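Just structure.cif here, mmCIF, C-alpha atoms:
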data_work
loop_
_atom_site.label_atom_id
_atom_site.label_comp_id
_atom_site.auth_asym_id
_atom_site.auth_seq_id
_atom_site.Cartn_x
_atom_site.Cartn_y
_atom_site.Cartn_z
CA ILE A 136 0.00 0.00 0.00
CA ILE A 137 2.77 2.42 0.95
CA LEU A 138 4.63 1.69 -2.27
CA HIS A 139 1.44 2.27 -4.29
CA LEU A 140 0.73 5.57 -2.52
CA ILE A 141 4.24 6.84 -3.18
CA HIS A 142 3.78 6.12 -6.87
CA LYS A 143 0.51 8.08 -7.00
CA THR A 144 1.24 11.14 -4.86
CA THR A 145 2.73 14.50 -5.67
CA ARG A 146 6.43 15.12 -5.21
CA GLU A 147 5.89 16.98 -1.92
CA ASP A 148 3.70 14.25 -0.47
CA SER A 149 6.03 11.52 -1.64
CA LEU A 150 8.86 12.98 0.44
CA VAL A 151 6.88 12.14 3.56
CA LEU A 152 5.76 8.77 2.28
CA SER A 153 9.29 7.90 1.22
CA LYS A 154 10.37 8.23 4.84
CA MET A 155 7.54 5.86 5.77
CA LYS A 156 8.65 3.46 3.07
CA ARG A 157 12.21 3.53 4.39
CA SER A 158 10.96 2.51 7.83
CA LEU A 159 8.53 -0.12 6.57
CA LEU A 160 10.66 -1.85 3.95
CA PRO A 161 12.67 -3.85 6.51
CA ILE A 162 9.40 -4.97 8.14
CA MET A 163 7.92 -5.85 4.74
CA SER A 164 11.09 -7.76 3.87
CA THR A 165 10.79 -9.84 7.01
CA CYS A 166 7.13 -10.67 6.35
CA LEU A 167 7.77 -11.64 2.76
CA LEU A 168 10.83 -13.69 3.61
CA ARG A 169 8.91 -15.65 6.22
CA THR A 170 6.25 -16.48 3.63
CA GLY A 171 8.85 -17.47 1.06
CA THR A 172 8.11 -14.48 -1.19
CA SER A 173 10.67 -12.01 -2.50
CA LEU A 174 10.31 -8.26 -2.70
CA PRO A 175 9.22 -6.97 -6.12
CA LEU A 176 12.55 -6.96 -7.89
CA SER A 177 10.83 -7.46 -11.19
CA ILE A 178 7.82 -8.97 -12.86
CA THR A 179 8.95 -12.58 -12.63
CA SER A 180 11.18 -14.35 -10.14
CA PRO A 181 13.22 -17.56 -10.34
CA ASP A 182 12.15 -20.51 -8.26
CA VAL A 183 14.59 -19.92 -5.42
CA THR A 184 14.51 -19.58 -1.65
CA VAL A 185 15.28 -16.09 -0.37
CA THR A 186 17.61 -15.97 2.66
CA ARG A 187 18.23 -12.22 2.93
CA SER A 188 16.88 -9.08 1.31
CA TYR A 189 18.99 -5.93 0.80
CA THR A 190 17.68 -2.41 0.25
CA LEU A 191 19.60 0.81 -0.37
CA HIS A 192 18.49 4.21 0.85
CA GLY A 193 19.91 7.66 0.19
CA ASP A 194 19.64 10.78 -1.94
CA GLY A 195 20.04 9.97 -5.61
CA ILE A 196 19.82 6.23 -4.98
CA GLY A 197 17.37 4.18 -7.01
CA ILE A 198 15.49 4.10 -10.24
CA ALA A 199 13.61 7.18 -11.38
CA ASP A 200 9.81 6.93 -11.07
CA SER A 201 10.13 3.48 -9.50
CA THR A 202 8.02 2.23 -6.61
CA SER A 203 10.98 0.52 -4.97
CA SER A 204 14.39 1.33 -3.62
CA CYS A 205 17.46 -0.51 -4.88
CA ILE A 206 16.59 -4.04 -3.83
CA LEU A 207 18.24 -7.41 -4.30
CA ASN A 208 17.76 -10.79 -2.71
CA GLU A 209 20.37 -13.24 -1.52
CA VAL A 210 19.09 -16.73 -2.18
CA ARG A 211 20.03 -20.28 -1.35
CA PRO A 212 22.60 -21.42 -3.93
CA PRO A 213 21.46 -24.12 -6.35
CA PRO A 214 23.04 -27.57 -5.93
CA ARG A 215 26.52 -27.93 -7.35
CA ASP A 216 26.69 -29.76 -10.67
CA PRO A 217 28.24 -33.15 -9.76
CA THR A 218 29.51 -33.63 -13.29
CA ILE A 219 31.93 -30.69 -12.98
CA GLU A 220 35.34 -31.73 -11.69
CA GLU A 221 37.01 -29.93 -8.80
CA ASP A 222 39.64 -27.37 -9.75
CA ASP A 223 42.79 -26.59 -7.77
CA VAL A 224 40.97 -24.08 -5.55
CA GLU A 225 38.50 -26.72 -4.34
CA LEU A 226 41.24 -29.32 -4.15
CA TYR A 227 43.49 -27.33 -1.79
CA TYR A 228 41.05 -25.07 0.08
CA PRO A 229 37.55 -25.27 1.56
CA THR A 230 34.97 -23.25 -0.38
CA THR A 231 31.43 -21.99 0.13
CA ARG A 232 28.90 -20.61 -2.32
CA ARG A 233 26.52 -17.66 -2.26
CA ALA A 234 23.90 -16.68 -4.81
CA PHE A 235 22.15 -13.38 -5.51
CA ALA A 236 19.03 -12.54 -7.52
CA PHE A 237 19.59 -9.22 -9.28
CA PRO A 238 16.86 -7.22 -11.00
CA ASP A 239 17.25 -7.28 -14.77
CA HIS A 240 15.06 -4.34 -15.74
CA HIS A 241 15.65 -4.73 -19.47
CA ARG A 242 14.32 -8.29 -19.47
CA HIS A 243 11.79 -7.77 -16.64
CA SER A 244 13.17 -10.71 -14.71
CA ASN A 245 15.73 -11.66 -12.10
CA LYS A 246 19.25 -12.74 -12.92
CA LEU A 247 20.65 -15.39 -10.59
CA LEU A 248 24.40 -15.06 -10.04
CA ASP A 249 26.47 -17.67 -8.20
CA ILE A 250 29.70 -16.74 -6.39
CA ARG A 251 32.28 -19.12 -4.91
CA GLN A 252 33.99 -17.96 -1.73
CA THR A 253 37.28 -19.47 -0.69
CA SER A 254 39.00 -19.71 2.68
CA PHE A 255 40.97 -17.01 4.49
CA GLY A 256 44.08 -19.11 3.94
CA CYS A 257 43.69 -18.66 0.20
CA GLY A 258 42.03 -15.29 -0.32
CA ARG A 259 42.83 -13.43 2.91
CA LEU A 260 40.66 -10.30 2.95
CA GLY A 261 39.34 -11.14 -0.50
CA ALA A 262 38.10 -14.61 0.40
CA THR A 263 34.49 -13.59 1.01
CA VAL A 264 31.82 -11.34 -0.46
CA TRP A 265 31.90 -8.27 1.79
CA PRO A 266 28.87 -5.98 2.38
CA SER A 267 30.64 -3.28 0.34
CA ALA A 268 30.69 -5.56 -2.72
CA ILE A 269 26.99 -6.30 -2.29
CA ALA A 270 26.19 -2.58 -1.98
CA LEU A 271 28.24 -1.68 -5.06
CA SER A 272 26.66 -4.53 -7.02
CA CYS A 273 23.20 -3.31 -6.05
CA LEU A 274 24.09 0.20 -7.20
CA LEU A 275 25.31 -1.11 -10.54
CA ALA A 276 22.24 -3.27 -11.12
CA SER A 277 19.50 -1.01 -9.80
CA ASP A 278 20.62 2.62 -9.98
CA ASP A 279 19.57 4.29 -13.25
CA THR A 280 22.29 6.92 -12.81
CA THR A 281 24.94 4.26 -13.53
CA GLU A 282 23.20 2.51 -16.42
CA HIS A 283 24.65 4.77 -19.10
CA LEU A 284 28.11 4.32 -17.60
CA ILE A 285 28.12 0.53 -18.01
CA GLU A 286 25.99 -0.74 -20.88
CA GLY A 287 28.18 -1.31 -23.90
CA LYS A 288 31.27 -0.02 -22.05
CA ARG A 289 34.62 -1.40 -20.86
CA ILE A 290 34.78 -1.75 -17.08
CA VAL A 291 37.81 -2.29 -14.85
CA GLU A 292 37.35 -3.28 -11.20
CA LEU A 293 40.04 -2.63 -8.61
CA GLY A 294 40.38 -4.93 -5.60
CA SER A 295 37.86 -7.36 -7.09
CA GLY A 296 38.02 -10.00 -4.35
CA CYS A 297 35.43 -12.63 -5.27
CA GLY A 298 34.38 -10.54 -8.27
CA LEU A 299 30.67 -9.98 -7.62
CA PRO A 300 30.55 -6.37 -8.98
CA SER A 301 32.44 -7.43 -12.11
CA LEU A 302 30.03 -10.31 -12.65
CA VAL A 303 27.05 -7.97 -12.23
CA ALA A 304 28.49 -5.49 -14.73
CA LYS A 305 28.96 -8.33 -17.20
CA GLU A 306 25.78 -10.36 -16.74
CA VAL A 307 23.21 -7.79 -15.58
CA CYS A 308 24.42 -4.42 -16.89
CA ASP A 309 25.57 -5.62 -20.33
CA ALA A 310 29.10 -4.24 -20.24
CA THR A 311 31.06 -5.00 -23.38
CA ASN A 312 34.23 -6.06 -21.58
CA ILE A 313 35.20 -6.62 -17.95
CA LEU A 314 38.68 -6.61 -16.42
CA ALA A 315 38.72 -7.78 -12.79
CA THR A 316 41.98 -6.91 -11.00
CA ASP A 317 43.46 -7.67 -7.61
CA TYR A 318 46.78 -8.48 -5.96
CA TRP A 319 48.00 -11.94 -5.03
CA GLU A 320 51.23 -13.91 -4.84
CA GLU A 321 52.73 -14.88 -8.15
CA ASN A 322 55.25 -17.66 -8.57
CA PRO A 323 57.22 -17.62 -11.84
CA ASP A 324 58.13 -21.29 -11.48
CA GLY A 325 54.46 -22.26 -11.51
CA GLN A 326 54.58 -23.91 -8.10
CA LEU A 327 51.69 -23.34 -5.73
CA SER A 328 52.49 -21.12 -2.77
CA PHE A 329 51.22 -21.78 0.74
CA GLY A 330 53.67 -19.55 2.62
CA THR A 331 53.31 -15.99 3.90
CA THR A 332 54.80 -12.97 2.16
CA GLY A 333 54.46 -9.24 2.46
CA GLY A 334 55.36 -8.80 6.13
CA ASP A 335 52.28 -7.68 8.05
CA ARG A 336 50.18 -7.50 4.88
CA LEU A 337 47.55 -10.15 4.28
CA VAL A 338 48.51 -11.21 0.77
CA PRO A 339 46.23 -13.71 -1.03
CA LYS A 340 47.77 -16.88 -2.47
CA ASP A 341 48.12 -17.50 -6.19
CA LEU A 342 44.97 -19.63 -6.40
CA PHE A 343 43.02 -16.53 -5.35
CA GLY A 344 43.34 -15.32 -8.95
CA VAL A 345 42.05 -18.68 -10.17
CA ASN A 346 38.96 -18.31 -7.99
CA LEU A 347 38.36 -14.78 -9.26
CA ALA A 348 38.56 -15.97 -12.87
CA TYR A 349 36.16 -18.82 -12.05
CA ASN A 350 33.59 -16.43 -10.57
CA ILE A 351 33.47 -13.92 -13.41
CA GLY A 352 33.58 -16.57 -16.12
CA ALA A 353 36.87 -15.30 -17.52
CA ASP A 354 37.16 -16.08 -21.23
CA GLU A 355 39.74 -13.49 -22.36
CA THR A 356 37.13 -11.84 -24.59
CA ALA A 357 34.17 -10.48 -22.61
CA ALA A 358 35.79 -10.98 -19.20
CA SER A 359 39.36 -11.36 -17.98
CA VAL A 360 41.42 -11.22 -14.78
CA ARG A 361 44.67 -9.36 -14.22
CA HIS A 362 47.18 -9.31 -11.37
CA LEU A 363 47.60 -5.61 -10.47
CA ASP A 364 49.98 -4.13 -7.90
CA TRP A 365 49.16 -0.49 -7.11
CA HIS A 366 52.82 0.01 -6.17
CA ASP A 367 53.96 -1.02 -9.67
CA GLU A 368 53.54 2.04 -11.89
CA MET A 369 54.72 0.26 -15.04
CA GLY A 370 52.22 -2.52 -14.44
CA ILE A 371 49.42 -0.01 -13.90
CA PHE A 372 50.39 1.88 -17.06
CA LYS A 373 50.29 -1.34 -19.07
CA VAL A 374 46.82 -2.25 -17.76
CA ALA A 375 45.59 1.30 -18.44
CA THR A 376 46.88 1.47 -22.01
CA ASP A 377 46.14 -2.15 -22.95
CA PHE A 378 42.57 -2.27 -21.64
CA ARG A 379 41.49 1.38 -22.10
CA PRO A 380 38.55 1.34 -19.64
CA ASP A 381 35.49 3.58 -19.80
CA LEU A 382 34.60 3.14 -16.11
CA ILE A 383 36.55 2.24 -12.96
CA ILE A 384 34.69 0.54 -10.12
CA GLY A 385 35.82 -0.59 -6.66
CA SER A 386 34.53 -1.32 -3.16
CA ASP A 387 36.34 -1.12 0.19
CA LEU A 388 39.68 -0.25 -1.42
CA VAL A 389 40.94 2.13 1.28
CA TYR A 390 42.25 -0.39 3.80
CA TYR A 391 45.98 0.01 4.47
CA PRO A 392 47.13 3.65 5.00
CA GLU A 393 50.33 2.97 3.04
CA ASP A 394 48.20 2.09 0.01
CA THR A 395 46.51 5.50 -0.21
CA PRO A 396 49.15 7.24 -2.40
CA PRO A 397 49.53 4.19 -4.72
CA LEU A 398 45.74 3.88 -5.05
CA LEU A 399 45.44 7.56 -5.99
CA ARG A 400 48.22 7.12 -8.58
CA THR A 401 46.45 4.04 -9.94
CA LEU A 402 43.19 5.94 -10.34
CA GLU A 403 44.95 8.90 -11.92
CA MET A 404 46.77 6.67 -14.41
CA LEU A 405 43.61 4.79 -15.38
CA LEU A 406 41.82 8.11 -15.89
CA LYS A 407 44.60 9.81 -17.82
CA ALA A 408 46.71 7.17 -19.58
CA GLY A 409 43.81 4.72 -19.78
CA GLY A 410 41.25 7.27 -20.92
CA ALA A 411 38.56 6.33 -18.37
CA LYS A 412 35.86 8.98 -18.09
CA ASP A 413 34.29 7.90 -14.82
CA ALA A 414 34.93 6.08 -11.56
CA LEU A 415 32.49 4.74 -8.96
CA LEU A 416 33.94 3.73 -5.58
CA ILE A 417 32.33 2.98 -2.23
CA SER A 418 33.83 2.63 1.24
CA PRO A 419 32.18 1.47 4.50
CA LEU A 420 31.39 3.98 7.25
CA ARG A 421 29.19 2.03 9.67
CA PRO A 422 29.22 -0.11 11.80
CA ALA A 423 31.94 1.90 13.54
CA TYR A 424 34.57 -0.83 13.16
CA SER A 425 34.01 -0.84 9.41
CA GLU A 426 35.37 2.64 8.67
CA ARG A 427 38.89 2.34 7.39
CA LYS A 428 41.64 4.32 9.07
CA ALA A 429 42.99 5.44 5.72
CA LEU A 430 39.66 6.85 4.51
CA PRO A 431 39.97 10.39 5.99
CA GLU A 432 43.29 10.93 4.22
CA PHE A 433 41.97 9.45 0.99
CA ARG A 434 38.97 11.80 1.09
CA SER A 435 41.20 14.76 1.92
CA GLN A 436 43.47 14.06 -1.05
CA LEU A 437 40.51 13.78 -3.40
CA GLU A 438 39.13 17.09 -2.13
CA LYS A 439 42.52 18.72 -2.75
CA GLY A 440 42.47 17.63 -6.39
CA ALA A 441 44.81 14.63 -6.24
CA LEU A 442 43.33 13.25 -9.47
CA GLY A 443 43.93 16.44 -11.45
CA ASP A 444 42.11 19.66 -12.20
CA ARG A 445 39.96 18.11 -14.92
CA CYS A 446 38.20 15.78 -12.51
CA GLU A 447 34.92 16.38 -10.75
CA VAL A 448 34.65 14.45 -7.48
CA ILE A 449 31.27 14.06 -5.78
CA MET A 450 30.91 12.27 -2.44
CA ASP A 451 27.69 11.34 -0.67
CA LYS A 452 26.43 8.73 1.77
CA PHE A 453 23.85 5.98 1.59
CA GLU A 454 22.62 3.12 3.76
CA MET A 455 22.15 -0.58 3.06
CA VAL A 456 19.69 -2.56 5.18
CA GLY A 457 19.80 -6.35 5.11
CA MET A 458 16.92 -8.42 6.52
CA GLY A 459 17.35 -12.13 7.15
CA MET A 460 14.68 -14.79 6.93
CA ASN A 461 14.54 -14.95 10.74
CA GLY A 462 14.02 -11.21 11.07
CA ASP A 463 17.64 -10.39 11.91
CA GLU A 464 18.68 -6.98 10.65
CA GLU A 465 22.01 -5.53 9.59
CA ARG A 466 22.67 -1.90 8.71
CA HIS A 467 25.67 -0.47 6.89
CA ASP A 468 26.53 3.10 5.94
CA PHE A 469 28.72 3.76 2.93
CA LEU A 470 30.51 6.65 1.30
CA ARG A 471 29.91 6.82 -2.44
CA ILE A 472 32.64 8.49 -4.47
CA ARG A 473 31.90 9.45 -8.06
CA VAL A 474 34.62 10.82 -10.31
CA HIS A 475 34.08 12.28 -13.76
CA THR A 476 36.86 13.41 -16.04
CA ASN A 477 36.16 16.20 -18.48
CA GLY A 478 37.97 15.22 -21.63
CA ASP A 479 37.38 18.42 -23.58
CA GLY A 480 39.89 20.45 -21.62
CA GLU A 481 37.45 22.28 -19.37
CA ILE A 482 38.47 22.75 -15.76
CA CYS A 483 36.32 20.81 -13.30
CA THR A 484 35.88 21.51 -9.61
CA ASN A 485 35.88 19.24 -6.57
CA ASP A 486 32.63 19.03 -4.60
CA SER A 487 32.37 17.04 -1.40
#

Before anything else, please render the file you have as structure tokens.
Amino acid sequence: IILHLIHKTTREDSLVLSKMKRSLLPIMSTCLLRTGTSLPLSITSPDVTVTRSYTLHGDGIGIADSTSSCILNEVRPPPRDPTIEEDDVELYYPTTRRAFAFPDHHRHSNKLLDIRQTSFGCGRLGATVWPSAIALSCLLASDDTTEHLIEGKRIVELGSGCGLPSLVAKEVCDATNILATDYWEENPDGQLSFGTTGGDRLVPKDLFGVNLAYNIGADETAASVRHLDWHDEMGIFKVATDFRPDLIIGSDLVYYPEDTPPLLRTLEMLLKAGGAKDALLISPLRPAYSERKALPEFRSQLEKGALGDRCEVIMDKFEMVGMGMNGDEERHDFLRIRVHTNGDGEICTNDS
């Protein structure tokens, strides 16, 4: 009823009703989950069991003239195909699977995407699908402000982890080409590595890259994976000039303080040498333990024009609410960072 009223009211009235919707959506999610019904992602839904429903709330978040916020459902993964042989990741490390039903507005249906998580011993911080990756994926799939940035474009993801945003850009948003990048141990002799390198840094093992390629369906044409070290300027330059991205995406990238300058250089090189026009990044703010220590400095550098005087940087906040099938609730606040490069020589300003 609330969703119907919002659709029918004037703009002034809908502001009040939207606040009501924001409060009631988690309750509605719980009721629908308990009855085995998903929220109205689209006209039709796959025959799956919903385990958690995610909604996004914030200014400029969502689809214009839509009766719903950005919504996606996490569902119980389908059974593993027993005819498919185990690869090295499954042979050496324990794995788990998660599945998500994303709204495919072009086809008026849901797109079911399956992601394989590996163990901490293999993937370290990139072993699991973090809330930031879910939030970014929801933005890509459900926010009409990003649609024109992805469809038919070349997308590079930094710090891909399990690769959910890259997979969404490929399968739901109809990107022409996806390059998922991250950092992991590489062994020139081809031997598997199970040791620890990088001092205090949590460096993923070499099979982490294999898992990432598995998740995005890497085929070297529409989707590929690349080892990328933000501290290696020549490597970044090669990725930028070889791939020539249109859009840069990334979630929860600002983790280690010592990585802030290299990350800024990586972004700058992808924008300038690579020719990317836009970037969409998000970073966690809440719960309190989620905010990264390096984020204040990263934000400060962006505000000071670290990416160049032809970049417009816009930062805003949004919230993701997750409701489980048992009524358990999780809330996360995120900072959304949007960067646009003006390629015609005009000087852009920074706006935070």

Go through the shown structure with the PyMOL selection byres ((chain A and resi 473-476) around 6) and write out the matching residues as an MDAnalysis selection string.
chainID A and resid 412:415 445:449 472 477:478

task = I need the residue set behind the PyMOL selection byres ((chain A and resi 433) around 9) for this file; please write it as a list in words.
result =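 Evaluating the PyMOL selection byres ((chain A and resi 433) around 9) on these coordinates yields Val389, Pro392, Thr395, Pro396, Leu399, Ala429, Leu430, Pro431, Glu432, Arg434, Ser435, Gln436, Leu437 and Glu438 of chain A.
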
Compute the distance from (41.4, 2.1, -15.5) to each atom, counting only C-alpha atoms, keep the residues with any atom at most 6 Å away, and return them as a JSON list (two decimals) with C-alpha atoms, keeping the file's coordinate frame; use the coordinates of the file.
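Ended up saving to result.json:
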[["chain", "number", "residue", "atom", "x", "y", "z"],
["A", 291, "VAL", "CA", 37.81, -2.29, -14.85],
["A", 375, "ALA", "CA", 45.59, 1.30, -18.44],
["A", 380, "PRO", "CA", 38.55, 1.34, -19.64],
["A", 383, "ILE", "CA", 36.55, 2.24, -12.96],
["A", 405, "LEU", "CA", 43.61, 4.79, -15.38],
["A", 409, "GLY", "CA", 43.81, 4.72, -19.78],
["A", 411, "ALA", "CA", 38.56, 6.33, -18.37]]

*Tell me which residues the PyMOL selection byres ((chain A and resi 236) around 7) grabs here, as JSON, numbers by chain.*
{"A": [207, 208, 209, 210, 234, 235, 237, 238, 245, 246, 247, 248]}

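Each of A:Lys340, A:Lys452, A:Arg361, A:Lys373 was compared to Tyr227 (chain A) using only C-alpha atoms, and A:Lys340 turns out to be the nearest.
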
Taken to one decimal, the CA of Ala315 (chain A)-CA of Arg187 (chain A) distance is 26.2 Å

Please identify all polymer residues within 10 Å of Asp222 (chain A), counting all atoms listed in the file, omitting same-chain residues fewer than 4 positions from it, and present them as a CSV table (one decimal) with C-alpha atoms, in the coordinates of the input.
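Full text of out21.csv as output:
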chain,number,residue,atom,x,y,z
A,226,LEU,CA,41.2,-29.3,-4.2
A,227,TYR,CA,43.5,-27.3,-1.8
A,342,LEU,CA,45.0,-19.6,-6.4
A,345,VAL,CA,42.0,-18.7,-10.2
A,346,ASN,CA,39.0,-18.3,-8.0
A,349,TYR,CA,36.2,-18.8,-12.0

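Between CA of Gly287 (chain A) and CA of Ala310 (chain A) the interatomic distance comes to 4.8 Å.
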